[in-house]
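K.L.:
Following this line is entry-v3.pdb, made up of PDB, C-alpha atoms, pLDDT in the B column:
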ATOM      1  CA  MET A1143      85.310  96.727  85.135  1.00 95.00           C
ATOM      2  CA  LEU A1144      87.662  99.110  83.303  1.00 97.00           C
ATOM      3  CA  HIS A1145      87.287 100.966  80.028  1.00 97.00           C
ATOM      4  CA  ILE A1146      90.008 103.253  78.648  1.00 97.00           C
ATOM      5  CA  GLU A1147      89.088 105.337  75.637  1.00 97.00           C
ATOM      6  CA  ASP A1148      91.603 107.063  73.313  1.00 97.00           C
ATOM      7  CA  LEU A1149      93.920 108.001  76.193  1.00 97.00           C
ATOM      8  CA  TYR A1150      96.770 110.455  75.684  1.00 97.00           C
ATOM      9  CA  VAL A1151      99.097 111.194  78.598  1.00 97.00           C
ATOM     10  CA  GLU A1152     102.048 113.535  79.097  1.00 96.00           C
ATOM     11  CA  VAL A1153     104.821 113.181  81.659  1.00 95.00           C
ATOM     12  CA  GLY A1154     107.072 116.190  82.174  1.00 92.00           C
ATOM     13  CA  GLY A1155     105.790 117.753  78.965  1.00 92.00           C
ATOM     14  CA  ASN A1156     106.549 114.654  76.889  1.00 94.00           C
ATOM     15  CA  GLU A1157     103.741 112.626  75.334  1.00 95.00           C
ATOM     16  CA  VAL A1158     104.064 109.030  76.560  1.00 96.00           C
ATOM     17  CA  LEU A1159     100.687 107.400  75.912  1.00 96.00           C
ATOM     18  CA  LYS A1160      99.313 107.917  72.421  1.00 95.00           C
ATOM     19  CA  GLY A1161      95.694 106.914  71.993  1.00 94.00           C
ATOM     20  CA  VAL A1162      95.406 103.897  74.276  1.00 96.00           C
ATOM     21  CA  ASN A1163      92.155 101.923  74.077  1.00 96.00           C
ATOM     22  CA  LEU A1164      91.635  99.081  76.526  1.00 96.00           C
ATOM     23  CA  SER A1165      88.703  97.257  78.140  1.00 96.00           C
ATOM     24  CA  ILE A1166      88.905  94.718  80.954  1.00 96.00           C
ATOM     25  CA  LYS A1167      85.852  92.742  82.008  1.00 94.00           C
ATOM     26  CA  LYS A1168      85.003  91.756  85.559  1.00 92.00           C
ATOM     27  CA  ASN A1169      86.851  88.616  86.704  1.00 92.00           C
ATOM     28  CA  GLU A1170      89.314  89.026  83.829  1.00 94.00           C
ATOM     29  CA  THR A1171      93.096  89.068  84.176  1.00 95.00           C
ATOM     30  CA  PHE A1172      94.896  91.084  81.523  1.00 96.00           C
ATOM     31  CA  ILE A1173      98.664  90.906  80.899  1.00 95.00           C
ATOM     32  CA  LEU A1174     100.570  93.829  79.413  1.00 95.00           C
ATOM     33  CA  PHE A1175     103.990  93.175  77.892  1.00 93.00           C
ATOM     34  CA  GLY A1176     106.458  95.735  76.623  1.00 89.00           C
ATOM     35  CA  PRO A1177     110.100  96.838  76.673  1.00 86.00           C
ATOM     36  CA  ASN A1178     111.421  99.316  79.216  1.00 86.00           C
ATOM     37  CA  GLY A1179     110.301 102.877  78.499  1.00 87.00           C
ATOM     38  CA  SER A1180     107.308 101.836  76.402  1.00 89.00           C
ATOM     39  CA  GLY A1181     104.719 103.450  78.689  1.00 92.00           C
ATOM     40  CA  LYS A1182     103.493 100.463  80.721  1.00 94.00           C
ATOM     41  CA  THR A1183     104.088 101.993  84.148  1.00 94.00           C
ATOM     42  CA  THR A1184     102.724 105.317  82.918  1.00 96.00           C
ATOM     43  CA  LEU A1185      99.449 103.588  82.085  1.00 97.00           C
ATOM     44  CA  LEU A1186      99.128 102.075  85.565  1.00 96.00           C
ATOM     45  CA  MET A1187     100.090 105.310  87.320  1.00 96.00           C
ATOM     46  CA  THR A1188      97.547 107.195  85.222  1.00 97.00           C
ATOM     47  CA  ILE A1189      94.793 104.717  86.070  1.00 97.00           C
ATOM     48  CA  MET A1190      95.711 105.144  89.755  1.00 96.00           C
ATOM     49  CA  GLY A1191      95.616 108.926  89.409  1.00 95.00           C
ATOM     50  CA  PHE A1192      99.130 110.197  90.141  1.00 95.00           C
ATOM     51  CA  SER A1193      99.371 113.910  89.434  1.00 91.00           C
ATOM     52  CA  ASN A1194     102.649 113.766  87.467  1.00 94.00           C
ATOM     53  CA  TYR A1195     100.779 111.895  84.730  1.00 96.00           C
ATOM     54  CA  LYS A1196      98.708 114.460  82.843  1.00 96.00           C
ATOM     55  CA  VAL A1197      95.746 113.250  80.796  1.00 96.00           C
ATOM     56  CA  THR A1198      95.542 115.488  77.735  1.00 96.00           C
ATOM     57  CA  SER A1199      92.762 113.572  75.990  1.00 96.00           C
ATOM     58  CA  GLY A1200      90.568 110.520  76.490  1.00 97.00           C
ATOM     59  CA  ARG A1201      88.668 108.937  79.359  1.00 97.00           C
ATOM     60  CA  ILE A1202      89.108 106.282  82.058  1.00 98.00           C
ATOM     61  CA  ILE A1203      85.893 104.586  83.180  1.00 97.00           C
ATOM     62  CA  PHE A1204      85.930 102.300  86.228  1.00 97.00           C
ATOM     63  CA  ARG A1205      82.735 100.388  87.044  1.00 95.00           C
ATOM     64  CA  ASP A1206      80.655 102.914  85.078  1.00 95.00           C
ATOM     65  CA  VAL A1207      82.243 105.897  86.864  1.00 96.00           C
ATOM     66  CA  ASP A1208      84.397 108.413  84.960  1.00 97.00           C
ATOM     67  CA  ILE A1209      87.562 108.598  87.095  1.00 97.00           C
ATOM     68  CA  THR A1210      89.734 110.441  84.563  1.00 96.00           C
ATOM     69  CA  TYR A1211      90.320 113.404  86.863  1.00 94.00           C
ATOM     70  CA  LEU A1212      89.521 111.951  90.292  1.00 96.00           C
ATOM     71  CA  PRO A1213      92.246 112.096  92.996  1.00 95.00           C
ATOM     72  CA  ILE A1214      94.052 108.929  94.067  1.00 95.00           C
ATOM     73  CA  TYR A1215      92.185 108.470  97.340  1.00 94.00           C
ATOM     74  CA  GLU A1216      88.794 108.498  95.620  1.00 96.00           C
ATOM     75  CA  ARG A1217      89.963 105.858  93.135  1.00 96.00           C
ATOM     76  CA  ALA A1218      91.214 103.723  96.022  1.00 94.00           C
ATOM     77  CA  ARG A1219      87.865 104.081  97.801  1.00 94.00           C
ATOM     78  CA  LEU A1220      86.066 103.027  94.618  1.00 95.00           C
ATOM     79  CA  GLY A1221      88.106  99.817  94.601  1.00 95.00           C
ATOM     80  CA  ILE A1222      91.406 100.255  92.714  1.00 96.00           C
ATOM     81  CA  GLY A1223      94.569  98.912  94.330  1.00 96.00           C
ATOM     82  CA  MET A1224      98.134  98.914  93.064  1.00 95.00           C
ATOM     83  CA  SER A1225     101.372  97.075  93.757  1.00 93.00           C
ATOM     84  CA  PHE A1226     104.283  99.263  92.683  1.00 90.00           C
ATOM     85  CA  GLN A1227     107.530  98.142  91.130  1.00 83.00           C
ATOM     86  CA  ARG A1228     109.523 100.509  93.355  1.00 84.00           C
ATOM     87  CA  PRO A1229     107.334 101.805  96.201  1.00 88.00           C
ATOM     88  CA  PRO A1230     108.801 104.500  98.472  1.00 89.00           C
ATOM     89  CA  THR A1231     110.097 104.110 102.009  1.00 92.00           C
ATOM     90  CA  ILE A1232     107.782 105.823 104.497  1.00 93.00           C
ATOM     91  CA  ASN A1233     109.653 106.676 107.670  1.00 94.00           C
ATOM     92  CA  GLY A1234     107.529 107.097 110.795  1.00 94.00           C
ATOM     93  CA  LEU A1235     104.666 104.848 109.617  1.00 94.00           C
ATOM     94  CA  LYS A1236     104.627 101.271 110.851  1.00 95.00           C
ATOM     95  CA  THR A1237     103.717  98.508 108.424  1.00 94.00           C
ATOM     96  CA  LYS A1238     100.921  97.264 110.712  1.00 95.00           C
ATOM     97  CA  ASP A1239      99.347 100.731 110.833  1.00 95.00           C
ATOM     98  CA  LEU A1240      99.309 101.100 107.057  1.00 94.00           C
ATOM     99  CA  VAL A1241      97.716  97.655 106.707  1.00 94.00           C
ATOM    100  CA  ARG A1242      94.938  98.723 109.094  1.00 94.00           C
ATOM    101  CA  LEU A1243      94.436 101.928 107.102  1.00 93.00           C
ATOM    102  CA  CYS A1244      94.095  99.858 103.926  1.00 93.00           C
ATOM    103  CA  ALA A1245      91.263  97.891 105.559  1.00 92.00           C
ATOM    104  CA  ARG A1246      89.202 101.122 105.860  1.00 89.00           C
ATOM    105  CA  GLY A1247      87.650 100.275 109.196  1.00 87.00           C
ATOM    106  CA  ARG A1248      86.946  96.595 108.510  1.00 89.00           C
ATOM    107  CA  ASP A1249      87.782  94.209 111.325  1.00 90.00           C
ATOM    108  CA  ILE A1250      90.907  92.321 110.266  1.00 91.00           C
ATOM    109  CA  ASN A1251      93.531  90.218 112.024  1.00 93.00           C
ATOM    110  CA  VAL A1252      96.734  91.880 110.837  1.00 93.00           C
ATOM    111  CA  GLU A1253      99.047  89.306 112.386  1.00 93.00           C
ATOM    112  CA  GLU A1254      97.238  86.339 110.845  1.00 93.00           C
ATOM    113  CA  MET A1255      97.313  88.023 107.436  1.00 93.00           C
ATOM    114  CA  ALA A1256     101.014  88.813 107.876  1.00 94.00           C
ATOM    115  CA  LYS A1257     101.769  85.154 108.624  1.00 93.00           C
ATOM    116  CA  ARG A1258     100.503  84.185 105.191  1.00 92.00           C
ATOM    117  CA  VAL A1259     103.107  86.399 103.495  1.00 91.00           C
ATOM    118  CA  ASN A1260     105.910  85.908 106.079  1.00 91.00           C
ATOM    119  CA  MET A1261     105.685  89.526 107.242  1.00 93.00           C
ATOM    120  CA  VAL A1262     105.008  89.204 111.002  1.00 94.00           C
ATOM    121  CA  GLU A1263     108.515  90.338 111.975  1.00 93.00           C
ATOM    122  CA  PHE A1264     108.131  93.437 109.767  1.00 94.00           C
ATOM    123  CA  LEU A1265     104.872  94.746 111.246  1.00 95.00           C
ATOM    124  CA  GLU A1266     106.645  97.025 113.735  1.00 95.00           C
ATOM    125  CA  ARG A1267     109.086  98.349 111.138  1.00 95.00           C
ATOM    126  CA  ASP A1268     108.613 101.473 109.031  1.00 94.00           C
ATOM    127  CA  ILE A1269     107.181 100.899 105.574  1.00 93.00           C
ATOM    128  CA  ASN A1270     109.866  99.426 103.265  1.00 92.00           C
ATOM    129  CA  ALA A1271     112.714 100.692 105.475  1.00 92.00           C
ATOM    130  CA  GLY A1272     115.628  98.371 104.718  1.00 90.00           C
ATOM    131  CA  PHE A1273     113.373  95.816 103.040  1.00 90.00           C
ATOM    132  CA  SER A1274     114.740  93.550 100.304  1.00 86.00           C
ATOM    133  CA  GLY A1275     113.001  93.299  96.919  1.00 83.00           C
ATOM    134  CA  GLY A1276     111.025  90.235  97.982  1.00 84.00           C
ATOM    135  CA  GLU A1277     110.097  91.778 101.345  1.00 88.00           C
ATOM    136  CA  ILE A1278     108.787  94.906  99.610  1.00 90.00           C
ATOM    137  CA  LYS A1279     106.630  92.800  97.296  1.00 89.00           C
ATOM    138  CA  ARG A1280     105.236  90.827 100.244  1.00 90.00           C
ATOM    139  CA  SER A1281     104.468  94.059 102.086  1.00 93.00           C
ATOM    140  CA  GLU A1282     102.597  95.355  99.042  1.00 93.00           C
ATOM    141  CA  LEU A1283     100.568  92.146  98.863  1.00 93.00           C
ATOM    142  CA  LEU A1284      99.728  92.387 102.566  1.00 94.00           C
ATOM    143  CA  GLN A1285      98.327  95.877 101.985  1.00 95.00           C
ATOM    144  CA  LEU A1286      96.246  94.652  99.026  1.00 94.00           C
ATOM    145  CA  MET A1287      94.941  91.737 101.092  1.00 93.00           C
ATOM    146  CA  ALA A1288      93.651  94.270 103.618  1.00 94.00           C
ATOM    147  CA  GLN A1289      92.240  96.631 100.986  1.00 93.00           C
ATOM    148  CA  GLN A1290      90.443  93.945  98.925  1.00 93.00           C
ATOM    149  CA  PRO A1291      90.220  96.063  95.730  1.00 94.00           C
ATOM    150  CA  LYS A1292      88.000  95.241  92.762  1.00 95.00           C
ATOM    151  CA  LEU A1293      90.732  96.124  90.254  1.00 96.00           C
ATOM    152  CA  LEU A1294      94.302  95.042  90.983  1.00 96.00           C
ATOM    153  CA  LEU A1295      97.189  96.762  89.213  1.00 96.00           C
ATOM    154  CA  PHE A1296     100.540  94.968  89.390  1.00 94.00           C
ATOM    155  CA  ASP A1297     103.684  96.632  88.073  1.00 92.00           C
ATOM    156  CA  GLU A1298     106.139  93.788  87.366  1.00 88.00           C
ATOM    157  CA  PRO A1299     105.383  91.631  90.443  1.00 86.00           C
ATOM    158  CA  GLU A1300     108.361  89.381  89.638  1.00 81.00           C
ATOM    159  CA  SER A1301     110.905  92.244  89.482  1.00 77.00           C
ATOM    160  CA  GLY A1302     113.736  91.903  92.010  1.00 74.00           C
ATOM    161  CA  VAL A1303     112.274  88.720  93.513  1.00 76.00           C
ATOM    162  CA  ASP A1304     114.196  85.489  94.076  1.00 77.00           C
ATOM    163  CA  VAL A1305     112.751  82.066  93.285  1.00 78.00           C
ATOM    164  CA  GLU A1306     111.680  81.277  96.856  1.00 77.00           C
ATOM    165  CA  ASN A1307     109.772  84.544  97.225  1.00 79.00           C
ATOM    166  CA  MET A1308     108.315  84.224  93.718  1.00 85.00           C
ATOM    167  CA  VAL A1309     106.448  81.037  94.630  1.00 86.00           C
ATOM    168  CA  LEU A1310     104.783  82.760  97.596  1.00 87.00           C
ATOM    169  CA  ILE A1311     104.096  85.979  95.675  1.00 87.00           C
ATOM    170  CA  GLY A1312     102.620  84.084  92.738  1.00 88.00           C
ATOM    171  CA  ASP A1313     100.357  82.144  95.085  1.00 89.00           C
ATOM    172  CA  ILE A1314      99.038  85.285  96.820  1.00 90.00           C
ATOM    173  CA  VAL A1315      98.548  87.157  93.533  1.00 91.00           C
ATOM    174  CA  LYS A1316      96.514  84.212  92.287  1.00 91.00           C
ATOM    175  CA  GLU A1317      94.396  84.333  95.426  1.00 90.00           C
ATOM    176  CA  LEU A1318      93.865  88.114  95.198  1.00 91.00           C
ATOM    177  CA  LEU A1319      92.676  87.693  91.609  1.00 90.00           C
ATOM    178  CA  GLY A1320      90.077  85.176  92.740  1.00 88.00           C
ATOM    179  CA  GLN A1321      91.787  82.307  90.943  1.00 83.00           C
ATOM    180  CA  LYS A1322      92.460  80.281  94.087  1.00 69.00           C
ATOM    181  CA  LEU A1323      89.141  79.357  95.661  1.00 58.00           C
ATOM    182  CA  THR A1324      88.196  76.751  98.223  1.00 55.00           C
ATOM    183  CA  PRO A1325      84.976  74.684  98.057  1.00 51.00           C
ATOM    184  CA  ILE A1326      81.961  76.198  99.847  1.00 50.00           C
ATOM    185  CA  ASN A1327      78.833  74.175 100.453  1.00 53.00           C
ATOM    186  CA  GLY A1328      76.046  75.188  98.113  1.00 56.00           C
ATOM    187  CA  MET A1329      78.256  77.402  95.919  1.00 56.00           C
ATOM    188  CA  SER A1330      80.252  76.352  92.865  1.00 59.00           C
ATOM    189  CA  MET A1331      83.711  77.730  92.044  1.00 55.00           C
ATOM    190  CA  LYS A1332      82.193  79.676  89.150  1.00 62.00           C
ATOM    191  CA  GLU A1333      79.587  81.241  91.445  1.00 60.00           C
ATOM    192  CA  GLN A1334      82.293  82.206  93.958  1.00 57.00           C
ATOM    193  CA  LYS A1335      84.336  83.912  91.271  1.00 58.00           C
ATOM    194  CA  GLN A1336      81.324  85.809  89.934  1.00 58.00           C
ATOM    195  CA  LYS A1337      80.491  86.987  93.440  1.00 66.00           C
ATOM    196  CA  ARG A1338      84.010  88.358  93.996  1.00 68.00           C
ATOM    197  CA  GLU A1339      84.109  90.411  90.778  1.00 84.00           C
ATOM    198  CA  VAL A1340      87.870  90.966  90.805  1.00 93.00           C
ATOM    199  CA  SER A1341      89.902  91.943  87.752  1.00 95.00           C
ATOM    200  CA  GLY A1342      93.623  92.399  87.233  1.00 95.00           C
ATOM    201  CA  LEU A1343      95.969  94.356  84.986  1.00 96.00           C
ATOM    202  CA  ILE A1344      99.502  93.028  85.238  1.00 95.00           C
ATOM    203  CA  ILE A1345     102.645  94.470  83.687  1.00 93.00           C
ATOM    204  CA  THR A1346     105.379  91.948  83.010  1.00 88.00           C
ATOM    205  CA  HIS A1347     108.716  92.167  81.252  1.00 79.00           C
ATOM    206  CA  THR A1348     109.924  88.595  81.811  1.00 80.00           C
ATOM    207  CA  GLY A1349     106.586  86.749  81.814  1.00 83.00           C
ATOM    208  CA  TYR A1350     107.510  84.705  84.915  1.00 85.00           C
ATOM    209  CA  ILE A1351     104.226  85.611  86.617  1.00 89.00           C
ATOM    210  CA  LEU A1352     102.444  83.457  84.014  1.00 90.00           C
ATOM    211  CA  ASP A1353     103.896  80.389  85.728  1.00 88.00           C
ATOM    212  CA  TYR A1354     101.667  81.127  88.724  1.00 88.00           C
ATOM    213  CA  ILE A1355      98.424  82.689  87.466  1.00 89.00           C
ATOM    214  CA  ASN A1356      95.844  82.215  84.729  1.00 90.00           C
ATOM    215  CA  ALA A1357      95.738  85.138  82.303  1.00 92.00           C
ATOM    216  CA  ASP A1358      92.787  85.660  79.974  1.00 93.00           C
ATOM    217  CA  ARG A1359      94.110  88.201  77.470  1.00 94.00           C
ATOM    218  CA  GLY A1360      97.285  90.044  76.652  1.00 94.00           C
ATOM    219  CA  MET A1361      98.695  92.885  74.559  1.00 93.00           C
ATOM    220  CA  VAL A1362     102.015  94.564  73.901  1.00 93.00           C
ATOM    221  CA  MET A1363     102.733  98.221  74.590  1.00 92.00           C
ATOM    222  CA  TYR A1364     105.325  99.742  72.276  1.00 89.00           C
ATOM    223  CA  GLU A1365     106.190 103.446  72.149  1.00 89.00           C
ATOM    224  CA  GLY A1366     103.031 104.409  74.014  1.00 92.00           C
ATOM    225  CA  ARG A1367     100.583 102.423  71.911  1.00 92.00           C
ATOM    226  CA  LEU A1368      98.926  99.025  72.310  1.00 92.00           C
ATOM    227  CA  CYS A1369      99.211  96.280  69.706  1.00 88.00           C
ATOM    228  CA  CYS A1370      99.304  92.520  69.142  1.00 85.00           C
ATOM    229  CA  GLU A1371      96.356  91.248  71.185  1.00 88.00           C
ATOM    230  CA  ALA A1372      96.551  87.477  71.675  1.00 88.00           C
ATOM    231  CA  ARG A1373      96.767  84.780  74.310  1.00 92.00           C
ATOM    232  CA  PRO A1374      99.420  85.879  76.851  1.00 92.00           C
ATOM    233  CA  ARG A1375     101.581  82.771  76.504  1.00 92.00           C
ATOM    234  CA  ASP A1376     101.556  83.071  72.706  1.00 91.00           C
ATOM    235  CA  ILE A1377     102.691  86.693  72.983  1.00 91.00           C
ATOM    236  CA  LEU A1378     105.463  85.728  75.390  1.00 91.00           C
ATOM    237  CA  GLU A1379     106.709  82.965  73.103  1.00 90.00           C
ATOM    238  CA  HIS A1380     106.696  85.354  70.135  1.00 88.00           C
ATOM    239  CA  ILE A1381     108.631  88.012  72.075  1.00 88.00           C
ATOM    240  CA  ARG A1382     111.242  85.504  73.211  1.00 87.00           C
ATOM    241  CA  LYS A1383     111.698  84.338  69.634  1.00 88.00           C
ATOM    242  CA  TYR A1384     111.591  87.621  67.717  1.00 85.00           C
ATOM    243  CA  GLY A1385     111.880  90.458  70.256  1.00 83.00           C
ATOM    244  CA  TYR A1386     109.632  93.484  70.702  1.00 81.00           C
ATOM    245  CA  LYS A1387     110.529  95.267  67.473  1.00 76.00           C
ATOM    246  CA  GLU A1388     108.560  92.663  65.547  1.00 73.00           C
ATOM    247  CA  CYS A1389     105.435  94.070  67.249  1.00 70.00           C
ATOM    248  CA  MET A1390     105.880  97.329  65.369  1.00 68.00           C
ATOM    249  CA  LYS A1391     104.399  95.604  62.300  1.00 68.00           C
ATOM    250  CA  CYS A1392     101.005  95.672  64.055  1.00 64.00           C
ATOM    251  CA  LEU A1393     101.266  99.455  64.423  1.00 59.00           C
ATOM    252  CA  ILE A1394     102.053 100.262  60.799  1.00 54.00           C
TER
END
Before we go any further, please render this structure as structure tokens.
P.N.:
Amino acid sequence: MLHIEDLYVEVGGNEVLKGVNLSIKKNETFILFGPNGSGKTTLLMTIMGFSNYKVTSGRIIFRDVDITYLPIYERARLGIGMSFQRPPTINGLKTKDLVRLCARGRDINVEEMAKRVNMVEFLERDINAGFSGGEIKRSELLQLMAQQPKLLLFDEPESGVDVENMVLIGDIVKELLGQKLTPINGMSMKEQKQKREVSGLIITHTGYILDYINADRGMVMYEGRLCCEARPRDILEHIRKYGYKECMKCLI
């Protein structure tokens, strides 16, 4: 699904990512831990194609296509979707209209989708205008539900979310990742998942999202480099016990 090869990235003239190598298979959910300022968000923004993140070396391959220098809209059309930690307010654009744009012409029932994330009353409001942290996250999920991307990028989905919203958000994230399937006659759960071909790359600082989803692999990002690959829950337990600085031993 995604292959990143020896990636170096500058932001504002400063080198942030320093030789990142990462591969994510189809139907795989990958968790990325790391302290603030370690480069996690930079990695996601670079994969999505934001112009402030300058690739100085390396390649990003998505579904056998080199997207290293493609614009954002082409990456979105290829099947990459992202939920931001702090998305902007867009005055003059109604939430319902953006959701329809995300569907790219597919016939969807916006109101029915909005009911599932408790966003019906926000459909006529401008994007994120006066929204709380939980409302912003639910709006982002509504857009992803309409887009149906092949690769989902989540930047700290639990950030700024209360417990009540976290249960709903965790449930929808699990569904978007293809981990919440319903029985279909003549098709096993495994066959359904293989047909969907959805992968996820999730940034987490607290690890709370692991209470709601199944994660296959995890790594730690520290000072722009990846280290310490292991089972996500084992990494989280180690971080809680020893802190992130202990991960530096893997980089020496």
K.L.:
Atom CA of Ile1203 of chain A and atom CA of Gln1321 of chain A are how many Å apart?
P.N.:
24.3 Å
K.L.:
So which one's closest to Ile1351 of chain A, A:Val1305, A:Leu1212, A:Ile1278, A:Leu1293? Using only C-alpha atoms, please.
P.N.:
A:Val1305
K.L.:
For the provided coordinates, the residues matched by the PyMOL selection byres ((chain A and resi 1373) around 8) should be stated as a ChimeraX atom specification.
P.N.:
/A:1358-1360,1371-1372,1374-1377
K.L.:
Excluding Met1308 of chain A and its own-chain neighbours fewer than 6 positions away, which residues fall within 9 Å of it when counting only C-alpha atoms? Please give them as a VMD selection string.
P.N.:
chain A and resid 1276 1299 to 1300 1350 to 1351 1354
K.L.:
For Ala1245 of chain A, which residue among A:Asn1356, A:Gln1227, A:Ser1274, A:Gln1290 is the nearest when counting all atoms listed in the file?
P.N.:
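Looking only at the distances to Ala1245 of chain A, the closest residue turns out to be A:Gln1290.
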K.L.:
What residues come out when you apply the PyMOL selection byres ((chain A and resi 1260) around 12) to this file, written as an MDAnalysis selection string?
P.N.:
chainID A and resid 1252:1259 1261:1265 1276:1281 1283:1284 1306:1307 1310:1311 1314
K.L.:
For each of A:Ile1189, A:Arg1201, A:Arg1242, A:Lys1167, take the minimum atom-to-atom distance to Tyr1150 of chain A, counting only C-alpha atoms, then give the residue where this is smallest.
P.N.:
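Ranked by minimum distance to Tyr1150 of chain A, first place goes to A:Arg1201.
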K.L.:
Could you write out as JSON the box around segment 1373-1376 of chain A (axis-aligned, all atoms listed in the file, 4 Å on each side), with centre and edge lengths in Å to one decimal?
P.N.:
{"center_x": 99.2, "center_y": 84.3, "center_z": 74.8, "size_x": 12.8, "size_y": 11.1, "size_z": 12.1}
K.L.:
What does the distance between atom CA of Val1151 of chain A and atom CA of Lys1196 of chain A come to in Å, to one decimal place?
P.N.:
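We find that atom CA of Val1151 of chain A and atom CA of Lys1196 of chain A lie 5.4 Å from each other.
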K.L.:
Determine the nearest neighbour of Leu1318 of chain A from the options A:Ile1345, A:Leu1286, A:Leu1295, A:Cys1389, counting only C-alpha atoms.
P.N.:
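Using only C-alpha atoms, the shortest distance to Leu1318 of chain A belongs to A:Leu1286.
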K.L.:
Which residues, named as in the file, does the PyMOL selection byres ((chain A and resi 1223) around 12) pick out? Answer as a ChimeraX atom specification.
P.N.:
/A:1186-1187,1189-1191,1214-1222,1224-1226,1244-1245,1282-1297,1318-1319,1340-1344
K.L.:
Export C-alpha atoms of the chosen residues as a compact mmCIF listing (two decimals), keeping the file's coordinate frame?
P.N.:
# COMPACT_ATOMS: atom_id res chain seq x y z
CA LEU A 1186 99.13 102.08 85.56
CA MET A 1187 100.09 105.31 87.32
CA ILE A 1189 94.79 104.72 86.07
CA MET A 1190 95.71 105.14 89.76
CA GLY A 1191 95.62 108.93 89.41
CA ILE A 1214 94.05 108.93 94.07
CA TYR A 1215 92.18 108.47 97.34
CA GLU A 1216 88.79 108.50 95.62
CA ARG A 1217 89.96 105.86 93.14
CA ALA A 1218 91.21 103.72 96.02
CA ARG A 1219 87.86 104.08 97.80
CA LEU A 1220 86.07 103.03 94.62
CA GLY A 1221 88.11 99.82 94.60
CA ILE A 1222 91.41 100.26 92.71
CA MET A 1224 98.13 98.91 93.06
CA SER A 1225 101.37 97.08 93.76
CA PHE A 1226 104.28 99.26 92.68
CA CYS A 1244 94.10 99.86 103.93
CA ALA A 1245 91.26 97.89 105.56
CA GLU A 1282 102.60 95.36 99.04
CA LEU A 1283 100.57 92.15 98.86
CA LEU A 1284 99.73 92.39 102.57
CA GLN A 1285 98.33 95.88 101.98
CA LEU A 1286 96.25 94.65 99.03
CA MET A 1287 94.94 91.74 101.09
CA ALA A 1288 93.65 94.27 103.62
CA GLN A 1289 92.24 96.63 100.99
CA GLN A 1290 90.44 93.94 98.92
CA PRO A 1291 90.22 96.06 95.73
CA LYS A 1292 88.00 95.24 92.76
CA LEU A 1293 90.73 96.12 90.25
CA LEU A 1294 94.30 95.04 90.98
CA LEU A 1295 97.19 96.76 89.21
CA PHE A 1296 100.54 94.97 89.39
CA ASP A 1297 103.68 96.63 88.07
CA LEU A 1318 93.86 88.11 95.20
CA LEU A 1319 92.68 87.69 91.61
CA VAL A 1340 87.87 90.97 90.80
CA SER A 1341 89.90 91.94 87.75
CA GLY A 1342 93.62 92.40 87.23
CA LEU A 1343 95.97 94.36 84.99
CA ILE A 1344 99.50 93.03 85.24
K.L.:
So how many Å separate atom CA of Met1143 of chain A and atom CA of Val1362 of chain A, to one decimal?
P.N.:
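Result for atom CA of Met1143 of chain A versus atom CA of Val1362 of chain A: 20.2 Å, one decimal.
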K.L.:
Find the residue from A:Gly1320, A:Gly1234, A:Gly1366, A:Gly1312 that sits nearest to Gly1161 of chain A; use all atoms listed in the file when measuring.
P.N.:
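The answer is A:Gly1366, which sits nearest to Gly1161 of chain A.
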K.L.:
Using all atoms listed in the file for the distances, tell me which of A:Leu1159, A:Arg1382, A:Phe1273, A:Arg1248 is nearest to Gly1179 of chain A.
P.N.:
A:Leu1159
K.L.:
At a cut-off of 8 Å, using all atoms listed in the file, what residues contact Asp1268 of chain A? Leave out same-chain residues fewer than 6 positions from it and give the result as number ranges by chain.
P.N.:
A: 1231-1237
